[in-house]
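The block underneath contains the structure these notes are about, expressed in structure tokens.
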Amino acid sequence: MSLKAVLFDFNGVIINDEPIHLQLIDEILIEENLQPQRVSERQASLGRSDRACFQQLLANRGRVANESYLTQLLYRKAQAYVVELEKIEKLPLYPGVEDLIFQVRSQNLKLGLVSGAIRQEIELVLHRAKLAEHFKIIVAGDDITTSKPEPDGYLLAVKRLNKEYPELNLQPHECLAIEDTPAGIEAAKRSHMQVVGVANTYPFHMLQRCCNWTVDYLSDLELERVQKVYSQKQPQPSATEC
């Protein structure tokens, strides 16, 4: 078996913007005359799509949420996200992102991004950070109807990579996912991918229980060592959940 592609999560892996998202969600709830998120709800939202988060938050407050209402809330949040990023002179990218992308490209591996964030937010950050050229394949929250921990986003990324590179004949077990939350890790595992957990959002020891590799920082990941594991044997998938 060989490693052919590396799939990045976005929020919590490429950019440290979770506090911004949580703040904007609270502001929208208050504008809708609803209570802001409880601590348990904030924790449960990590790694899940905005649509799934709003659906659950509204349900918890007894508010009926049809698709047009949800879409309106997502659009409002996306517009507010743009405004918030414009206030920031330097984007809060995680250290090691550019170096890891360089490692991936230099070893002729394909790159993709799988996130629950909507495309407008993802592309805004990637263009401003001058990373857009590296991510031809993006699966965003508005591309699928499910959310992590469901595997649909990762499986769609494999399909899109095969469409972009027909000669690749990519299979899910030939992909490496980089995640920071239990929901994201479970989604990748259910797609039969190997997973690197980066301890940006959850403690190292918690991720270590359910990932194939765990690092404190992206800069700690040695991709060549990971590739050797792929080439030497079939890694044993872990059934352990976070």
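Going through the structure tokens in order, the chains are called A, B, and so on, while each chain numbers its residues from 1 and the ligands are numbered from 1 in the order shown.
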Inset, instruction - Step one, run DSSP on the backbone; step two, keep only residues of region 8-228 of chain A assigned to strand (DSSP E or B); then write them as a list in words. - result: Phe8, Asn11, Ile15, Leu93, Lys110, Leu111, Gly112, Leu113, Val114, Ile137, Ile138, Val139, Cys175, Leu176, Ala177, Ile178, Glu179, Gln194, Val195, Val196, Gly197, Val198, Trp213, Thr214 and Val215 of chain A
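Using only C-alpha atoms, the protein and nucleic acid residues lying no more than 9 Å from Arg61 (chain A), apart from those fewer than 4 places from it along its own chain, are Leu34, Gln35, Gln56 and Leu57 of chain A.
Shortest separation to Glu31 (chain A) among A:Ile15, A:Thr145, A:Gln43, A:Leu73 occurs at residue A:Leu73, atoms counted being only C-alpha atoms.
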Inset, instruction - Would you kindly return, as a PyMOL selection string, each protein, DNA or RNA residue with an atom no farther than 10 Å from any atom of Val226 (chain A), considering only C-alpha atoms and excluding same-chain residues fewer than 2 positions away? - result: chain A and resi 3+176+194+196+212-213+221-224+228-231
Limited to N, CA, C and O atoms, could you put the picked residues into a file as an mmCIF file, in the first residue's frame?
```
data_model
loop_
_atom_site.group_PDB
_atom_site.id
_atom_site.type_symbol
_atom_site.label_atom_id
_atom_site.label_comp_id
_atom_site.auth_asym_id
_atom_site.auth_seq_id
_atom_site.Cartn_x
_atom_site.Cartn_y
_atom_site.Cartn_z
ATOM 1 N N LEU A 3 0.929 5.726 0.178
ATOM 2 C CA LEU A 3 0.241 6.974 0.509
ATOM 3 C C LEU A 3 0.188 7.824 -0.754
ATOM 4 O O LEU A 3 1.216 8.097 -1.365
ATOM 5 N N LEU A 176 -4.302 10.061 3.888
ATOM 6 C CA LEU A 176 -3.993 10.430 5.271
ATOM 7 C C LEU A 176 -4.805 11.669 5.613
ATOM 8 O O LEU A 176 -4.722 12.685 4.922
ATOM 9 N N GLN A 194 -6.203 6.499 7.353
ATOM 10 C CA GLN A 194 -5.337 6.677 8.500
ATOM 11 C C GLN A 194 -5.424 8.149 8.931
ATOM 12 O O GLN A 194 -5.694 9.030 8.094
ATOM 13 N N VAL A 196 -3.880 11.500 11.318
ATOM 14 C CA VAL A 196 -2.977 12.230 12.206
ATOM 15 C C VAL A 196 -3.829 13.164 13.048
ATOM 16 O O VAL A 196 -4.581 13.987 12.512
ATOM 17 N N ASN A 212 -3.855 7.204 14.383
ATOM 18 C CA ASN A 212 -2.687 6.399 14.009
ATOM 19 C C ASN A 212 -1.398 7.108 14.391
ATOM 20 O O ASN A 212 -0.408 6.467 14.752
ATOM 21 N N TRP A 213 -1.401 8.439 14.274
ATOM 22 C CA TRP A 213 -0.275 9.266 14.710
ATOM 23 C C TRP A 213 -0.849 10.489 15.421
ATOM 24 O O TRP A 213 -1.930 10.973 15.074
ATOM 25 N N LEU A 221 5.135 16.748 12.519
ATOM 26 C CA LEU A 221 4.792 15.619 11.660
ATOM 27 C C LEU A 221 5.881 15.388 10.616
ATOM 28 O O LEU A 221 6.178 16.276 9.808
ATOM 29 N N GLU A 222 6.467 14.211 10.635
ATOM 30 C CA GLU A 222 7.485 13.830 9.655
ATOM 31 C C GLU A 222 6.818 12.934 8.622
ATOM 32 O O GLU A 222 6.633 11.737 8.840
ATOM 33 N N LEU A 223 6.502 13.512 7.496
ATOM 34 C CA LEU A 223 5.725 12.800 6.492
ATOM 35 C C LEU A 223 6.478 11.603 5.915
ATOM 36 O O LEU A 223 5.861 10.585 5.555
ATOM 37 N N GLU A 224 7.779 11.693 5.840
ATOM 38 C CA GLU A 224 8.559 10.570 5.313
ATOM 39 C C GLU A 224 8.399 9.326 6.180
ATOM 40 O O GLU A 224 8.307 8.204 5.664
ATOM 41 N N LYS A 228 6.709 5.620 5.112
ATOM 42 C CA LYS A 228 7.365 4.323 5.287
ATOM 43 C C LYS A 228 6.408 3.291 5.868
ATOM 44 O O LYS A 228 6.424 2.124 5.491
ATOM 45 N N VAL A 229 5.558 3.740 6.793
ATOM 46 C CA VAL A 229 4.565 2.829 7.368
ATOM 47 C C VAL A 229 3.607 2.356 6.285
ATOM 48 O O VAL A 229 3.256 1.172 6.205
ATOM 49 N N TYR A 230 3.186 3.280 5.427
ATOM 50 C CA TYR A 230 2.287 2.910 4.336
ATOM 51 C C TYR A 230 2.947 1.910 3.390
ATOM 52 O O TYR A 230 2.315 0.969 2.920
ATOM 53 N N SER A 231 4.219 2.127 3.096
ATOM 54 C CA SER A 231 4.892 1.295 2.100
ATOM 55 C C SER A 231 5.307 -0.071 2.642
ATOM 56 O O SER A 231 5.414 -1.044 1.894
#
```
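Neighbours of Ile88 (chain A) closer than or equal to 12 Å, with only C-alpha atoms counted and sequence neighbours fewer than 5 positions away skipped, come out as Asp17, Ile20, Tyr81, Val82, Val83, Leu93, Val125 and Arg128 of chain A.
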Inset, instruction - Pull the helix (DSSP H, G or I) assignments for region 23-138 of chain A out of DSSP run on the backbone, and list those residues as number ranges by chain. - result: A: 23-31, 39-45, 50-60, 67-86, 97-106, 119-128, 132-134
May I have the selected residues written with C-alpha atoms, as a short mmCIF file (atom, residue, chain, number, x, y, z; two decimals), in the first residue's frame?
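Ended up saving to result.cif:
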```
data_model
loop_
_atom_site.label_atom_id
_atom_site.label_comp_id
_atom_site.auth_asym_id
_atom_site.auth_seq_id
_atom_site.Cartn_x
_atom_site.Cartn_y
_atom_site.Cartn_z
CA GLN A 23 -18.82 34.12 18.97
CA LEU A 24 -20.68 34.59 15.67
CA ILE A 25 -23.04 31.71 16.38
CA ASP A 26 -23.88 33.23 19.76
CA GLU A 27 -24.51 36.62 18.17
CA ILE A 28 -26.92 35.12 15.66
CA LEU A 29 -28.77 33.17 18.35
CA ILE A 30 -29.20 36.36 20.38
CA GLU A 31 -30.42 38.22 17.26
CA VAL A 39 -20.63 25.17 27.47
CA SER A 40 -21.69 21.62 26.59
CA GLU A 41 -23.13 22.83 23.27
CA ARG A 42 -19.93 24.66 22.39
CA GLN A 43 -17.94 21.50 23.04
CA ALA A 44 -20.34 19.37 21.00
CA SER A 45 -20.12 21.74 18.03
CA ASP A 50 -22.28 24.96 10.75
CA ARG A 51 -25.54 23.59 9.35
CA ALA A 52 -25.52 20.65 11.77
CA CYS A 53 -24.66 22.96 14.68
CA PHE A 54 -27.47 25.39 13.94
CA GLN A 55 -29.93 22.52 13.46
CA GLN A 56 -29.07 21.11 16.88
CA LEU A 57 -28.99 24.48 18.64
CA LEU A 58 -32.37 25.46 17.24
CA ALA A 59 -33.86 22.08 18.10
CA ASN A 60 -32.54 22.42 21.65
CA GLU A 67 -33.84 24.55 4.98
CA SER A 68 -34.44 28.14 3.86
CA TYR A 69 -34.20 29.40 7.45
CA LEU A 70 -30.97 27.46 8.01
CA THR A 71 -29.51 28.77 4.75
CA GLN A 72 -30.34 32.33 5.81
CA LEU A 73 -28.55 31.85 9.14
CA LEU A 74 -25.51 30.34 7.41
CA TYR A 75 -25.36 33.25 4.97
CA ARG A 76 -25.54 35.77 7.80
CA LYS A 77 -22.77 33.99 9.66
CA ALA A 78 -20.59 33.85 6.54
CA GLN A 79 -21.01 37.58 5.99
CA ALA A 80 -20.16 38.30 9.63
CA TYR A 81 -17.10 36.02 9.33
CA VAL A 82 -15.81 38.11 6.43
CA VAL A 83 -16.20 41.26 8.51
CA GLU A 84 -14.36 39.70 11.46
CA LEU A 85 -11.43 38.55 9.32
CA GLU A 86 -11.11 42.02 7.81
CA VAL A 97 0.86 24.59 7.86
CA GLU A 98 2.98 25.92 5.01
CA ASP A 99 5.86 23.56 5.82
CA LEU A 100 3.57 20.52 5.80
CA ILE A 101 2.03 21.58 2.49
CA PHE A 102 5.58 21.87 1.12
CA GLN A 103 6.35 18.35 2.36
CA VAL A 104 3.22 17.00 0.67
CA ARG A 105 3.94 18.74 -2.63
CA SER A 106 7.62 17.83 -2.66
CA ARG A 119 -16.97 27.29 0.90
CA GLN A 120 -17.11 31.09 1.06
CA GLU A 121 -15.29 31.09 4.41
CA ILE A 122 -12.71 28.50 3.33
CA GLU A 123 -11.84 30.22 0.05
CA LEU A 124 -11.58 33.61 1.75
CA VAL A 125 -8.90 32.31 4.13
CA LEU A 126 -7.03 30.26 1.53
CA HIS A 127 -6.81 33.17 -0.90
CA ARG A 128 -5.75 35.64 1.76
CA ALA A 132 -5.55 28.49 -2.58
CA GLU A 133 -3.36 27.19 -5.41
CA HIS A 134 -2.50 24.10 -3.34
#
```
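Take the candidates A:Val114, A:Leu46, A:Met206, A:Leu168 and check each one against Ile14 (chain A) using only C-alpha atoms; the shortest distance goes to A:Val114.
You will find CA of Phe8 (chain A) at 28.5 Å from CA of Arg38 (chain A).
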Legend entry - Length of the CA of Leu161 (chain A) to CA of Ser115 (chain A) vector [Å]: 15.4 Å
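The coordinates place CA of Val13 (chain A) at 16.6 Å from CA of Ile137 (chain A).
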Inset, instruction - Extract, using only C-alpha atoms, all DNA, RNA and protein residues at most 9 Å from Asn200 (chain A), discarding same-chain residues fewer than 6 positions from it, and format them as an MDAnalysis selection string. - result: chainID A and resid 12:13 16 94 180:181 216:217
Can those selected residues be exported to a file as a JSON list (two decimals), in the first residue's frame so that it contains N, CA, C and O atoms?
```
[["chain", "number", "residue", "atom", "x", "y", "z"],
["A", 12, "GLY", "N", -9.28, 24.67, 13.02],
["A", 12, "GLY", "CA", -8.59, 23.91, 14.04],
["A", 12, "GLY", "C", -7.36, 23.17, 13.54],
["A", 12, "GLY", "O", -6.60, 22.62, 14.35],
["A", 13, "VAL", "N", -7.16, 23.15, 12.22],
["A", 13, "VAL", "CA", -5.96, 22.54, 11.65],
["A", 13, "VAL", "C", -5.16, 23.56, 10.84],
["A", 13, "VAL", "O", -3.96, 23.71, 11.02],
["A", 16, "ASN", "N", -6.74, 28.95, 13.28],
["A", 16, "ASN", "CA", -7.22, 28.95, 14.66],
["A", 16, "ASN", "C", -8.35, 29.97, 14.81],
["A", 16, "ASN", "O", -8.17, 31.05, 15.37],
["A", 94, "TYR", "N", -2.17, 28.20, 11.90],
["A", 94, "TYR", "CA", -1.37, 27.39, 12.81],
["A", 94, "TYR", "C", 0.06, 27.25, 12.27],
["A", 94, "TYR", "O", 0.25, 27.07, 11.06],
["A", 180, "ASP", "N", -8.37, 17.46, 14.13],
["A", 180, "ASP", "CA", -8.12, 17.96, 15.48],
["A", 180, "ASP", "C", -9.25, 17.67, 16.45],
["A", 180, "ASP", "O", -9.15, 18.00, 17.63],
["A", 181, "THR", "N", -10.35, 17.06, 15.98],
["A", 181, "THR", "CA", -11.49, 16.81, 16.86],
["A", 181, "THR", "C", -11.94, 15.35, 16.77],
["A", 181, "THR", "O", -11.74, 14.69, 15.73],
["A", 216, "ASP", "N", 1.81, 17.27, 18.68],
["A", 216, "ASP", "CA", 1.42, 18.50, 19.36],
["A", 216, "ASP", "C", 1.22, 19.64, 18.37],
["A", 216, "ASP", "O", 0.33, 20.47, 18.53],
["A", 217, "TYR", "N", 2.09, 19.67, 17.36],
["A", 217, "TYR", "CA", 2.06, 20.73, 16.35],
["A", 217, "TYR", "C", 2.25, 20.11, 14.97],
["A", 217, "TYR", "O", 2.91, 19.08, 14.82]]
```
Legend entry - Distance criterion (only C-alpha atoms): nearest to Leu7 (chain A) out of A:Leu207, A:Ala117, A:Leu131, A:Ile178: A:Ile178
Please list as a compact mmCIF listing (two decimals) with C-alpha atoms, in the first residue's frame every residue within 12 Å of Glu164 (chain A), counting only C-alpha atoms and excluding residues in the same chain fewer than 2 positions away.
```
# COMPACT_ATOMS: atom_id res chain seq x y z
CA LYS A 110 -2.16 15.09 -3.81
CA LEU A 111 -3.77 17.61 -1.50
CA GLY A 112 -7.38 18.05 -0.49
CA PHE A 135 -6.09 23.02 -2.72
CA LYS A 136 -7.81 22.24 -6.00
CA ILE A 137 -10.02 19.74 -4.20
CA ILE A 138 -12.24 21.19 -1.47
CA ALA A 157 -13.02 14.09 -1.60
CA VAL A 158 -11.71 10.75 -2.88
CA LYS A 159 -14.22 10.84 -5.76
CA ARG A 160 -13.23 14.40 -6.67
CA LEU A 161 -9.53 13.59 -6.56
CA ASN A 162 -10.11 10.65 -8.91
CA PRO A 166 -8.03 9.82 -13.31
CA GLU A 167 -4.66 8.06 -13.40
CA LEU A 168 -4.46 8.15 -9.60
CA ASN A 169 -7.03 5.39 -8.97
CA LEU A 170 -7.16 6.63 -5.38
```
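The neighbours of Val195 (chain A) here are the residues that come within 10 Å of it, using only C-alpha atoms and leaving out any residue fewer than 5 positions away in the same chain; they are Val6, Leu7, Cys175, Leu176, Ala177, Ile178, Glu179, Asp180, Gly184, Ile185, Glu186, Ala187, Ala188, Lys189, Cys210, Cys211, Asn212, Trp213, Thr214, Pro237 and Ser238 of chain A.
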Please dump the current selection as a PDB file, in the first residue's frame; keep N, CA and C atoms.
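Final output, saved to part-v9.pdb:
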```pdb
ATOM      1  N   VAL A   6      -3.081  13.574   0.936  1.00  0.00           N
ATOM      2  CA  VAL A   6      -3.230  14.084   2.301  1.00  0.00           C
ATOM      3  C   VAL A   6      -4.416  15.038   2.311  1.00  0.00           C
ATOM      4  N   LEU A   7      -5.358  14.783   3.212  1.00  0.00           N
ATOM      5  CA  LEU A   7      -6.578  15.570   3.304  1.00  0.00           C
ATOM      6  C   LEU A   7      -6.604  16.345   4.614  1.00  0.00           C
ATOM      7  N   CYS A 175      -5.215   7.395   1.670  1.00  0.00           N
ATOM      8  CA  CYS A 175      -5.268   8.802   2.094  1.00  0.00           C
ATOM      9  C   CYS A 175      -4.890   8.931   3.565  1.00  0.00           C
ATOM     10  N   LEU A 176      -4.302  10.061   3.888  1.00  0.00           N
ATOM     11  CA  LEU A 176      -3.993  10.430   5.271  1.00  0.00           C
ATOM     12  C   LEU A 176      -4.805  11.669   5.613  1.00  0.00           C
ATOM     13  N   ALA A 177      -5.609  11.586   6.662  1.00  0.00           N
ATOM     14  CA  ALA A 177      -6.410  12.727   7.105  1.00  0.00           C
ATOM     15  C   ALA A 177      -5.732  13.409   8.283  1.00  0.00           C
ATOM     16  N   ILE A 178      -5.812  14.727   8.311  1.00  0.00           N
ATOM     17  CA  ILE A 178      -5.247  15.499   9.422  1.00  0.00           C
ATOM     18  C   ILE A 178      -6.403  16.191  10.129  1.00  0.00           C
ATOM     19  N   GLU A 179      -6.637  15.803  11.370  1.00  0.00           N
ATOM     20  CA  GLU A 179      -7.816  16.256  12.103  1.00  0.00           C
ATOM     21  C   GLU A 179      -7.451  16.721  13.514  1.00  0.00           C
ATOM     22  N   ASP A 180      -8.372  17.456  14.126  1.00  0.00           N
ATOM     23  CA  ASP A 180      -8.122  17.961  15.481  1.00  0.00           C
ATOM     24  C   ASP A 180      -9.253  17.666  16.449  1.00  0.00           C
ATOM     25  N   GLY A 184     -14.124  14.716  13.650  1.00  0.00           N
ATOM     26  CA  GLY A 184     -13.365  14.637  12.409  1.00  0.00           C
ATOM     27  C   GLY A 184     -12.577  13.347  12.300  1.00  0.00           C
ATOM     28  N   ILE A 185     -11.992  12.924  13.404  1.00  0.00           N
ATOM     29  CA  ILE A 185     -11.211  11.682  13.423  1.00  0.00           C
ATOM     30  C   ILE A 185     -12.112  10.494  13.117  1.00  0.00           C
ATOM     31  N   GLU A 186     -13.293  10.476  13.728  1.00  0.00           N
ATOM     32  CA  GLU A 186     -14.229   9.378  13.489  1.00  0.00           C
ATOM     33  C   GLU A 186     -14.670   9.347  12.027  1.00  0.00           C
ATOM     34  N   ALA A 187     -14.896  10.532  11.441  1.00  0.00           N
ATOM     35  CA  ALA A 187     -15.306  10.592  10.030  1.00  0.00           C
ATOM     36  C   ALA A 187     -14.238   9.982   9.134  1.00  0.00           C
ATOM     37  N   ALA A 188     -12.979  10.332   9.383  1.00  0.00           N
ATOM     38  CA  ALA A 188     -11.890   9.795   8.570  1.00  0.00           C
ATOM     39  C   ALA A 188     -11.733   8.298   8.780  1.00  0.00           C
ATOM     40  N   LYS A 189     -11.833   7.847  10.023  1.00  0.00           N
ATOM     41  CA  LYS A 189     -11.718   6.423  10.325  1.00  0.00           C
ATOM     42  C   LYS A 189     -12.828   5.623   9.643  1.00  0.00           C
ATOM     43  N   CYS A 210      -7.077   7.357  19.713  1.00  0.00           N
ATOM     44  CA  CYS A 210      -7.893   6.994  18.547  1.00  0.00           C
ATOM     45  C   CYS A 210      -7.289   7.379  17.202  1.00  0.00           C
ATOM     46  N   CYS A 211      -6.047   7.858  17.192  1.00  0.00           N
ATOM     47  CA  CYS A 211      -5.381   8.220  15.940  1.00  0.00           C
ATOM     48  C   CYS A 211      -4.225   7.271  15.650  1.00  0.00           C
ATOM     49  N   ASN A 212      -3.855   7.204  14.383  1.00  0.00           N
ATOM     50  CA  ASN A 212      -2.687   6.399  14.009  1.00  0.00           C
ATOM     51  C   ASN A 212      -1.398   7.108  14.391  1.00  0.00           C
ATOM     52  N   TRP A 213      -1.401   8.439  14.274  1.00  0.00           N
ATOM     53  CA  TRP A 213      -0.275   9.266  14.710  1.00  0.00           C
ATOM     54  C   TRP A 213      -0.849  10.489  15.421  1.00  0.00           C
ATOM     55  N   THR A 214      -0.136  10.974  16.417  1.00  0.00           N
ATOM     56  CA  THR A 214      -0.576  12.175  17.129  1.00  0.00           C
ATOM     57  C   THR A 214       0.610  13.109  17.300  1.00  0.00           C
ATOM     58  N   PRO A 237      -6.283  -0.673  10.968  1.00  0.00           N
ATOM     59  CA  PRO A 237      -7.199   0.408  11.335  1.00  0.00           C
ATOM     60  C   PRO A 237      -7.642   0.272  12.773  1.00  0.00           C
ATOM     61  N   SER A 238      -7.733   1.402  13.432  1.00  0.00           N
ATOM     62  CA  SER A 238      -8.147   1.397  14.830  1.00  0.00           C
ATOM     63  C   SER A 238      -9.656   1.551  14.922  1.00  0.00           C
TER      64      SER A 238
END
```
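Proximity to Val139 (chain A) was assessed for A:Ala199, A:Val215, A:Ile118, A:Leu109 counting only C-alpha atoms; the smallest distance is recorded for A:Ile118.
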